[in-house]
Each structure stands twice: as C-alpha cells, then as structure tokens.
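Input: a single structure, listed below in structure tokens.
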Amino acid sequence: MNIHEHQAKEILKSFGAPVSNGIVIFSPDDIKDKISQLQSKEFVLKAQIHAGGRGKAGGVKLIKNISDLEVEAKKMMGKILVTHQTGPEGKEVKRLYIEEASDIAKEYYLSCLVDRESSKIAFISSTEGGMDIEKVAAENPEKIITNKIELKDEGPSDKEIENIISIFRFDKKQSVIANRLIKSLYKILIEKDANLIEINPLILTKDDQIVCLDAKMNFDDNAIFRRPDILKLRDLNEEDPAEIEASKHDLAYIKLNGSIGCMVNGAGLAMATMDIIKLYGKEPANFLDVGGGASKEKVASAFKLILSDKNVKGILINIFGGIMRCDVLAQGVVDAAKQINLSVPLVVRLAGTNFKEGKEILEKSNLKILSALDLNDAAKKIVEAIK
C-alpha cells in the first residue's frame with residue numbers, strides 16, 4: 001500500500017526525522033486558514049499523487065508569495081498529471097501539499113527496503129539525489145552504495161550507519177543528524193511494516209541543515225491488519241477500481257495492458273502463465289492469483305473481475321489443484337459465466353486434485369469452453385481463439 005508524500009513526512013516527523021514544515025489542502029480555499037502555520041516567504045506547491053516524476057509534469061512549483069500561491073493552487077487542483085509512472089491516462093490531483101521552501105546546497109538519495117533475496121534490510125545511498133535511481137544505477141553505478149544489515153532489535157550499529165552515509169562525506173555535525181535519520185528509517189520500517197522508504201532528495205541546505213525534501217513509503221499489504229493507523233492513510237482515489245474490488249474478495253490482482261485475462265492459483269504459476277502468453281505473441285491483461293483455498297464464490301468474483309476489463313478479448317484459466325480443488329474452481333467459473341453471459345473465448349487447463357470432476361463440470365455446462373492438456377497447449381489455444 002502506498003501513501004502520499006505529506007503522510008510519509010508526518011510519519012518521518014513522528015520518528016524524529018528532519019522534514020520541512022508543510023500543510024495539506026483539499027481546496028485552494030483552505031490556504032487562507034492554514035498558511036499561517038508556515039514561516040517562510042517562499043513556498044513549494046506539490047501535487048499529491050501516487051507517482052514519481054511530478055516535477056517534470058508540472059506538479060511541483062516554487063512560489064514567491066501567497067497571492068501567486070492561491071492562483072497556482074487553483075490551476076493545479078484537478079489537473080491530470082501524466083508521468084512515466086502514471087501511464088498515458090495520468091492521475092487527477094485531488095490534494096496539494098504546501099511546504100516552506102528550502103535553500104538547497106546539495107542533493108542526495110537515501111532509501112531502505114526489505115531485501116527478500118538476502119532476508120536483510122538494505123540501505124541504498126547515492127550522491128545523485130533528485131534523479132531516478134534506476135537511471136543512476138545504469139549510467140553511474142559507482143555513485144551508489146548498498147549496505148545490507150541483519151534484522152535486530154537494537155537496529156543498525158554505529159559502524160553500519162557509518163558505512164551507509166560514507167558516500168555523502170558529511171562533517172561531524174552532519175553525521176550526527178544522519179545517524180539519527182538512519183535509525184529513524186530502520187525503526188519505521190520495522191514498527192510500521194514498511195517495504196520501502198525512499199528519501200529523494202535528501203538535502204543539505206546552505207545553512208548546514210539536513211532535510212528530507214521528498215518522501216515515499218510503501219507498506220506490506222499482508223501486515224495492514226495489524227497497522228490500523230497505516231490503513232487509515234489509504235487513498236482509494238489513487239488505486240485502480242478493479243484492484244479495490246479485488247481486495248474486497250482477498251484476491252491478488254494487478255491490472256495490465258494486454259488482451260488475455262488470466263486466472264491462476266499461485267504467484268509462481270501466474271508468472272509462468274503470463275510469460276507463456278507473451279511467448280505466443282500476446283500480452284496478459286492482468287495478474288490474478290485466487291490463492292490456494294478459494295471458494296466457488298471467490299472464483300466467481302475473480303472471473304467477473306477479469307471480464308470488467310474492456311480490453312479482455314479472451315480468458316486463460318490455469319489451475320493446479322492442491323488445497324484448491326479443480327471441481328470447486330470449475331463450478332465457480334460455470335456459475336459466473338452463466339450470470340455474465342460469457343461472450344469471449346475461454347480456455348481452461350486443470351491439473352491435480354479432482355481435475356477429472358472439474359473437467360466433467362465444464363463439459364456438462366453447455367458453455368463454449370476450450371479444454372487444454374497442458375500450459376503450452378492452453379496458451380496456444382487462447383491466442384489462436386482471440387485471433
């Protein structure tokens with residue numbers, strides 16, 4: 001789950017990290033009531049959307065006075081921002097963040113995240129703040145350092161922190177502040193079940209202050225049940241309606257841009273299914289994992305979810321029965337297909353527990369369902385069917 005910049009900064013502030021003073025507004029009319037909370041004469045106006053690249057899209061502006069601030073806020077509120085992360089449809093700006101302007105001397109990059117490969121906490125540091133870290137990694141990898149530390153109650157040691165911030169070449173006073181910041185990020189990651197905390201840029205001001213100028217946080221969906229304070233920060237306006245609907249039924253669903261809808265049980269099998277669709281020259285319309293023990297009602301909801309995407313020209317269902325029985329899957333598919341009046345090709349590949357019973361249910365349904373022997377056969381048939 002992602003949150004907005006202003007929400008991330010509130011969390012940072014509560015853990016003792018240095019951030020600029022700012023206010024969030026949901027209407028330009030809020031400026032008069034809240035602007036007195038800020039002390040500077042210049043301000044930075046920021047569109048709040050769940051996407052990077054806002055500055056290049058006109059979503060970040062330096063404002064010299066309050067009258068200009070009100071004018072620019074009216075222009076920005078409701079604007080559709082298109083960035084490299086939003087896709088061509090863009091995102092509508094429904095809230096703005098106004099913060100005190102900073103006099104920047106240097107910009108850095110700092111993040112921490114769960115590194116699943118090593119089961120450690122990884123800190124990434126770079127002198128190239130304000131840029132896409134992926135671009136820096138590709139063009140100037142020597143300007144990035146990664147330090148992985150063991151998960152422990154006491155957090156990173158002074159030596160580990162020294163390694164993390166060494167690339168910044170801070171003086172003694174700055175290093176003390178940076179030391180506290182690293183401990184704060186580590187604590188947030190653990191205590192709030194965050195997957196990623198990214199500060200880009202982390203700045204050094206001309207009066208020698210370290211400030212988190214921008215902040216991004218992502219939280220583990222599987223741990224949200226024990227973090228009600230984080231769940232309150234969820235902004236449904238920033239999420240795909242289909243993904244919101246999927247979450248109601250405990251389905252792992254991600255919308256993609258292809259034409260073949262996929263329903264699979266198990267993330268690894270889902271990835272393999274999408275890969276083989278691409279191998280045969282088409283693109284998957286979604287990632288959808290119904291899980292290991294789905295009921296027929298849950299399967300029916302998943303089926304309807306796939307068909308809610310107007311780009312879907314055909315559906316491939318690939319189930320390996322273990323905890324999930326193939327007959328339960330088959331009945332859910334039949335029930336949903338009859339309710340919706342299925343009008344696109346459907347290919348089903350079943351294997352494992354009760355696959356014979358499942359196949360029989362599909363055959364007796366009087367629906368136009370193509371049966372596949374294996375995954376290769378399934379992908380070939382659905383691609384041919386939508387042609």
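Here, A, B, ... name the chains of the structure tokens in the order displayed, residue numbers run from 1 inside each chain, and ligands are numbered from 1 in the same displayed order.
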
With the cut-off set at 10 Å and counting only C-alpha atoms, tabulate each residue of range 50-71 of chain A with an atom at most that distance from an atom of range 34-42 of chain A, showing the nearest atom pair and its distance in Å to one decimal, ordered by chain and increasing number, as a tab-separated table.
residue	atom	partner	partner_atom	distance
A:Leu62	CA	A:Glu42	CA	7.4
A:Ile63	CA	A:Glu42	CA	5.8
A:Lys64	CA	A:Glu42	CA	4.7
A:Asn65	CA	A:Glu42	CA	6.0
A:Ile66	CA	A:Lys41	CA	8.2
A:Leu69	CA	A:Glu42	CA	9.3

Find the spatial neighbours of range 86-92 of chain A, counting only C-alpha atoms, within a cut-off of 12 Å - ignore same-chain residues fewer than 4 positions away - and output them as a list in words.
Ala47, Gln48, Ile49, His50, Ala51, Gly52, Gly53, Arg54, Ala57, Gly59, Met76, Met77, Gly78, Lys79, Ile80, Leu81, Val82, Leu96, Asn237, Glu238, Glu239, Asp240, Leu256 and Asn257 of chain A

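Between CA of Leu307 in chain A and CA of Val328 in chain A lies a distance of 19.7 Å.
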
Give me the residues within 10 Å of Asp153 in chain A as a ChimeraX atom specification, counting only C-alpha atoms and dropping any in the same chain fewer than 3 places off.
/A:150,156,187,190

Neighbour list for Gly266 in chain A as a CSV table (one decimal) with all heavy atoms, in the first residue's frame, cut-off 10 Å, only C-alpha atoms, skip fewer than 6 positions in-chain:
chain,number,residue,atom,x,y,z
A,252,ALA,N,-5.4,-11.4,-5.2
A,252,ALA,CA,-4.2,-10.7,-5.6
A,252,ALA,C,-4.3,-10.4,-7.1
A,252,ALA,O,-4.2,-11.2,-7.9
A,252,ALA,CB,-3.0,-11.6,-5.4
A,288,LEU,N,-3.6,-12.3,-11.7
A,288,LEU,CA,-4.7,-12.7,-10.8
A,288,LEU,C,-4.4,-14.0,-10.1
A,288,LEU,O,-4.4,-15.0,-10.8
A,288,LEU,CB,-6.0,-12.7,-11.4
A,288,LEU,CG,-7.2,-12.6,-10.5
A,288,LEU,CD1,-8.5,-12.1,-11.2
A,288,LEU,CD2,-7.5,-13.9,-9.8
A,289,ASP,N,-4.1,-14.0,-8.9
A,289,ASP,CA,-3.9,-15.2,-8.1
A,289,ASP,C,-5.1,-15.4,-7.1
A,289,ASP,O,-5.3,-14.6,-6.2
A,289,ASP,CB,-2.6,-15.0,-7.3
A,289,ASP,CG,-2.3,-16.2,-6.4
A,289,ASP,OD1,-3.0,-17.2,-6.4
A,289,ASP,OD2,-1.3,-16.1,-5.6
A,290,VAL,N,-5.8,-16.4,-7.3
A,290,VAL,CA,-7.0,-16.7,-6.5
A,290,VAL,C,-6.7,-17.3,-5.2
A,290,VAL,O,-7.5,-17.5,-4.3
A,290,VAL,CB,-8.1,-17.5,-7.2
A,290,VAL,CG1,-8.7,-16.7,-8.4
A,290,VAL,CG2,-7.6,-18.8,-7.6
A,291,GLY,N,-5.4,-17.8,-5.0
A,291,GLY,CA,-5.0,-18.4,-3.8
A,291,GLY,C,-5.2,-19.9,-3.7
A,291,GLY,O,-5.8,-20.5,-4.6
A,292,GLY,N,-4.7,-20.5,-2.7
A,292,GLY,CA,-4.8,-21.9,-2.6
A,292,GLY,C,-6.1,-22.5,-2.2
A,292,GLY,O,-6.4,-23.6,-2.6
A,318,ASN,N,-5.7,-21.3,-15.5
A,318,ASN,CA,-4.7,-22.3,-15.3
A,318,ASN,C,-4.6,-22.6,-13.9
A,318,ASN,O,-4.1,-21.9,-13.0
A,318,ASN,CB,-3.4,-21.7,-15.8
A,318,ASN,CG,-2.2,-22.8,-15.7
A,318,ASN,OD1,-2.5,-24.0,-15.7
A,318,ASN,ND2,-1.0,-22.3,-15.6
A,319,ILE,N,-5.2,-23.8,-13.5
A,319,ILE,CA,-5.3,-24.2,-12.1
A,319,ILE,C,-4.6,-25.5,-11.9
A,319,ILE,O,-4.8,-26.5,-12.6
A,319,ILE,CB,-6.7,-24.3,-11.7
A,319,ILE,CG1,-7.5,-23.0,-11.8
A,319,ILE,CG2,-6.8,-24.9,-10.2
A,319,ILE,CD1,-6.9,-21.9,-10.9
A,320,PHE,N,-3.7,-25.5,-10.9
A,320,PHE,CA,-3.1,-26.8,-10.4
A,320,PHE,C,-3.8,-27.1,-9.0
A,320,PHE,O,-3.5,-26.4,-8.0
A,320,PHE,CB,-1.6,-26.7,-10.2
A,320,PHE,CG,-1.0,-28.0,-9.8
A,320,PHE,CD1,-0.7,-29.0,-10.7
A,320,PHE,CD2,-0.7,-28.2,-8.5
A,320,PHE,CE1,-0.2,-30.2,-10.3
A,320,PHE,CE2,-0.2,-29.4,-8.1
A,320,PHE,CZ,0.1,-30.4,-9.0

For Ala372 in chain A, find every residue with an atom within 9 Å (counting only C-alpha atoms), except residues of its own chain fewer than 3 positions away, and show them as JSON, numbers by chain.
{"A": [347, 348, 349, 350, 375, 376, 377, 378, 379, 381]}

Report as a ChimeraX atom specification: the residues of range 39-100 of chain A with a DSSP assignment of strand (DSSP E), based on the backbone of this structure.
/A:43-47,60-63,80-81,91-92,96-100

Taking 5 positions as the minimum chain separation for residues in the same chain, which residues sit within 6 Å of range 99-114 of chain A when counting only C-alpha atoms? Answer as an MDAnalysis selection string.
chainID A and resid 21:22 40 42:44 121:129 195:206

Same residues, C-alpha atoms, output as a PDB file, in the first residue's frame:
ATOM      1  CA  ASN A  21       7.070  22.392   7.727  1.00  0.00           C
ATOM      2  CA  GLY A  22       4.099  21.896   5.432  1.00  0.00           C
ATOM      3  CA  SER A  40       8.822  31.185   5.123  1.00  0.00           C
ATOM      4  CA  GLU A  42       8.612  31.357  -0.372  1.00  0.00           C
ATOM      5  CA  PHE A  43       6.747  28.086  -0.765  1.00  0.00           C
ATOM      6  CA  VAL A  44       6.836  24.855  -2.740  1.00  0.00           C
ATOM      7  CA  ILE A 121      17.375  -4.670   5.469  1.00  0.00           C
ATOM      8  CA  ALA A 122      19.077  -2.875   2.575  1.00  0.00           C
ATOM      9  CA  PHE A 123      20.087   0.790   2.678  1.00  0.00           C
ATOM     10  CA  ILE A 124      20.838   2.443  -0.663  1.00  0.00           C
ATOM     11  CA  SER A 125      22.816   5.705  -0.699  1.00  0.00           C
ATOM     12  CA  SER A 126      23.822   7.933  -3.584  1.00  0.00           C
ATOM     13  CA  THR A 127      25.237  11.390  -4.201  1.00  0.00           C
ATOM     14  CA  GLU A 128      22.868  11.735  -7.186  1.00  0.00           C
ATOM     15  CA  GLY A 129      19.749  12.955  -5.391  1.00  0.00           C
ATOM     16  CA  ASN A 195       8.503  -2.465   2.462  1.00  0.00           C
ATOM     17  CA  LEU A 196      10.235   0.670   1.227  1.00  0.00           C
ATOM     18  CA  ILE A 197      11.120   4.136   2.495  1.00  0.00           C
ATOM     19  CA  GLU A 198      12.683   6.438  -0.097  1.00  0.00           C
ATOM     20  CA  ILE A 199      14.045   9.925   0.550  1.00  0.00           C
ATOM     21  CA  ASN A 200      14.764  11.567  -2.788  1.00  0.00           C
ATOM     22  CA  PRO A 201      16.174  14.038  -2.447  1.00  0.00           C
ATOM     23  CA  LEU A 202      17.717  14.173   0.981  1.00  0.00           C
ATOM     24  CA  ILE A 203      19.206  17.664   1.020  1.00  0.00           C
ATOM     25  CA  LEU A 204      21.874  19.676   2.744  1.00  0.00           C
ATOM     26  CA  THR A 205      20.775  23.318   2.981  1.00  0.00           C
ATOM     27  CA  LYS A 206      23.073  26.322   2.690  1.00  0.00           C
TER      28      LYS A 206
END
